Structure formats: structure tokens, C-alpha cells
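Undergrad: Below you will find the structure I want to go over with you.
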Amino acid sequence: MRMLYKVTMMLLALPLLAARQAVASPSNDTLNLVCVGEGEMMGSEYTNRLEWDKYDHKYRAKSGYETRMKNFESAITIQIQGNDGRIRLPKKLIPPLHSGGDDQHWWQLDDIRVTEDEIRASYRLNGMNKPSVKIDRGSGLIAIKGFGQGFTGRCDKIDEGTRRF
């Protein structure tokens with residue numbers, strides 16, 4: 001008899017707990033993501049090296065600036081609320097000549113399209129570079145492609161005001 005009472009009370013309490021959790025959680029149209037992964041950007045550096053001269057059959061000193069893609073690991077933060085959103089970029093993804101962004105490296109997202117399967121958007125770094133953002137909502141994979149830069153990683157949803165552990 002006592003066991004039946006406990007089971008009945010638990011069944012009656014389930015809808016109340018579900019309603020309480022629904023009230024405590026943030027609204028469904030707000031999405032906060034942290035994406036960790038690898039990026040690449042165009043970089044140049046001054047180098048001194050020896051290079052084989054096939055005509056003289058000896059090494060010759062060569063120095064100068066070289067431009068190439070450099071890899072790095074970093075994290076990106078994305079906030080989307082309805083049709084408005086922003087992205088926080090690491091310093092390595094911000095070119096020296098940029099237009100926009102604030103002092104905390106937040107950039108306004110444009111053309112945000114949120115569907116059941118993916119999120120697409122873009123942001124303007126400068127007149128020549130408007131990278132595109134694509135996030136697969138099933139796997140959490142993110143891909144950012146722009147002129148002379150890129151980023152791929154995995155996103156996790158975070159809720160403001162809640163602790164992870």
C-alpha cells in the first residue's frame with residue numbers, strides 16, 4: 001500500500017516538475033553556442049633561409065617575406081535571438097584592416113537563416129571579406145569560410161545562468 005502511494009505521488013508530481021523546468025529555462029528563440037576547433041588564416045613573415053641553386057650547384061642565401069596559410073586552435077562564441085545574432089571571433093581571425101566589430105571582438109551576423117537542420121549566416125569583416133557561417137544542428141559542426149581564412153569545429157549549446165558542474 002505504501003509503495004502504491006509513492007508511485008502515485010511521483011506520477012502526480014511529474015507534470016509539475018516539467019512545468020517548473022519549462023519556466024526556468026530560457027526562451028526557445030535564444031541560442032548561445034561555444035564552438036571549439038581549428039582555423040587557418042593568411043599570414044606573412046620575414047624569413048632567412050638557404051635555397052639550393054640548381055645551376056651553380058650550391059646553396060644561396062634567400063630572404064624576404066613569405067605569405068602562406070597558418071593553422072591555429074581557438075574558440076568562437078555565437079549568440080542568436082530570433083533574427084538577430086552576433087559572433088565573437090578570436091584575434092587571429094580578425095584582419096589588420098577591418099570595418100566593424102567592437103572592442104570585445106563581437107561582429108553582427110547578417111542574413112541569419114535558422115532551420116531545423118542548419119543555421120546559416122554571414123558577417124562583414126571589411127569591404128573584400130564577408131565570411132559565411134554554416135552550422136549543422138544535428139552534428140554541431142561549424143564551418144566558416146572567408147577570403148584568406150577559415151574555421152571548422154564543433155559547437156556546444158550553453159545556457160546563461162546555468163553551471164556545467
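Following the order of the C-alpha cells, first chain is A, next is B, and so on, with residues numbered from 1 inside each chain and ligands from 1 in the order they appear.
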What lies within 6 Å of region 36-43 of chain A using only C-alpha atoms, ignoring chain neighbours under 2 positions off, as JSON, numbers by chain?

TA: {"A": [67, 68, 69, 70, 71, 72, 73, 74, 75, 148, 149, 150, 151, 152, 153, 154]}

Undergrad: I'd like a table as a tab-separated table: residues in region 19-101 of chain A with an atom no more than 12 Å from region 110-122 of chain A, each row giving the shortest atom pair and its distance in Å to one decimal, only C-alpha atoms counted, sorted by chain and rising residue number.

TA:
```
residue	atom	partner	partner_atom	distance
A:Asp29	CA	A:Val114	CA	10.1
A:Thr30	CA	A:Val114	CA	11.5
A:Leu31	CA	A:Val114	CA	10.6
A:Leu33	CA	A:Ile119	CA	11.6
A:Ile78	CA	A:Ala121	CA	10.8
A:Gln79	CA	A:Ile112	CA	11.3
A:Ile80	CA	A:Ile112	CA	8.7
A:Gln81	CA	A:Ile112	CA	10.2
A:Gly82	CA	A:Val114	CA	8.8
A:Asn83	CA	A:Ile112	CA	6.2
A:Asp84	CA	A:Ile112	CA	7.3
A:Gly85	CA	A:Ile112	CA	7.5
A:Arg86	CA	A:Asp110	CA	8.5
A:Ile87	CA	A:Ser122	CA	9.6
```

Undergrad: Run DSSP on the backbone and give me the residues of region 74-165 of chain A it puts in strand (DSSP E or B), as a ChimeraX atom specification.

TA: /A:74-81,84-88,106-108,110-114,118-122,132-136,141-146,149-157

Undergrad: In Å, how far is it from CA of Ile158 (chain A) to CA of Arg124 (chain A)?

TA: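 Computing it gives 25.1 Å between the two atoms.
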
Undergrad: Show me, as a list in words, the residues that have an atom within 7 Å of Trp107 (chain A) when counting only C-alpha atoms, minus same-chain residues fewer than 2 positions from it.

TA: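 The neighbour list is Arg86, Ile87, Arg88, Gly100, Gly101, His105, Leu109 and Tyr123 of chain A.
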
Undergrad: When you draw a straight line from CA of Val133 (chain A) to CA of Ile94 (chain A), how long is it in Å?

TA: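 Taking CA of Val133 (chain A) as the start and CA of Ile94 (chain A) as the end point, the length is 15.0 Å.
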
Undergrad: Find the residue from A:Thr162, A:Asp53, A:Val34, A:Ile135 that sits nearest to Leu89 (chain A); use only C-alpha atoms when measuring.

TA: A:Val34

Undergrad: In Å, how far is it from CA of Lys134 (chain A) to CA of Asp156 (chain A)?

TA: 14.4 Å

Undergrad: Quick one: of A:His98, A:Leu141, A:Gln108, A:Ser63, who's nearest to Asn126 (chain A), counting only C-alpha atoms?

TA: A:His98

Undergrad: Would you please work out which residue, of A:Leu50, A:Cys155, A:Ser44, A:Pro95, is nearest to Lys130 (chain A) when using only C-alpha atoms?

TA: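 Nearest candidate to Lys130 (chain A) out of A:Leu50, A:Cys155, A:Ser44, A:Pro95: A:Pro95.
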
Undergrad: Which residue, A:Gly127, A:Gly140, A:Gly64, A:Gly146, has the smallest gap to Leu93 (chain A) when you use only C-alpha atoms?

TA: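 Of A:Gly127, A:Gly140, A:Gly64, A:Gly146, the one nearest Leu93 (chain A) is A:Gly146, counting only C-alpha atoms.
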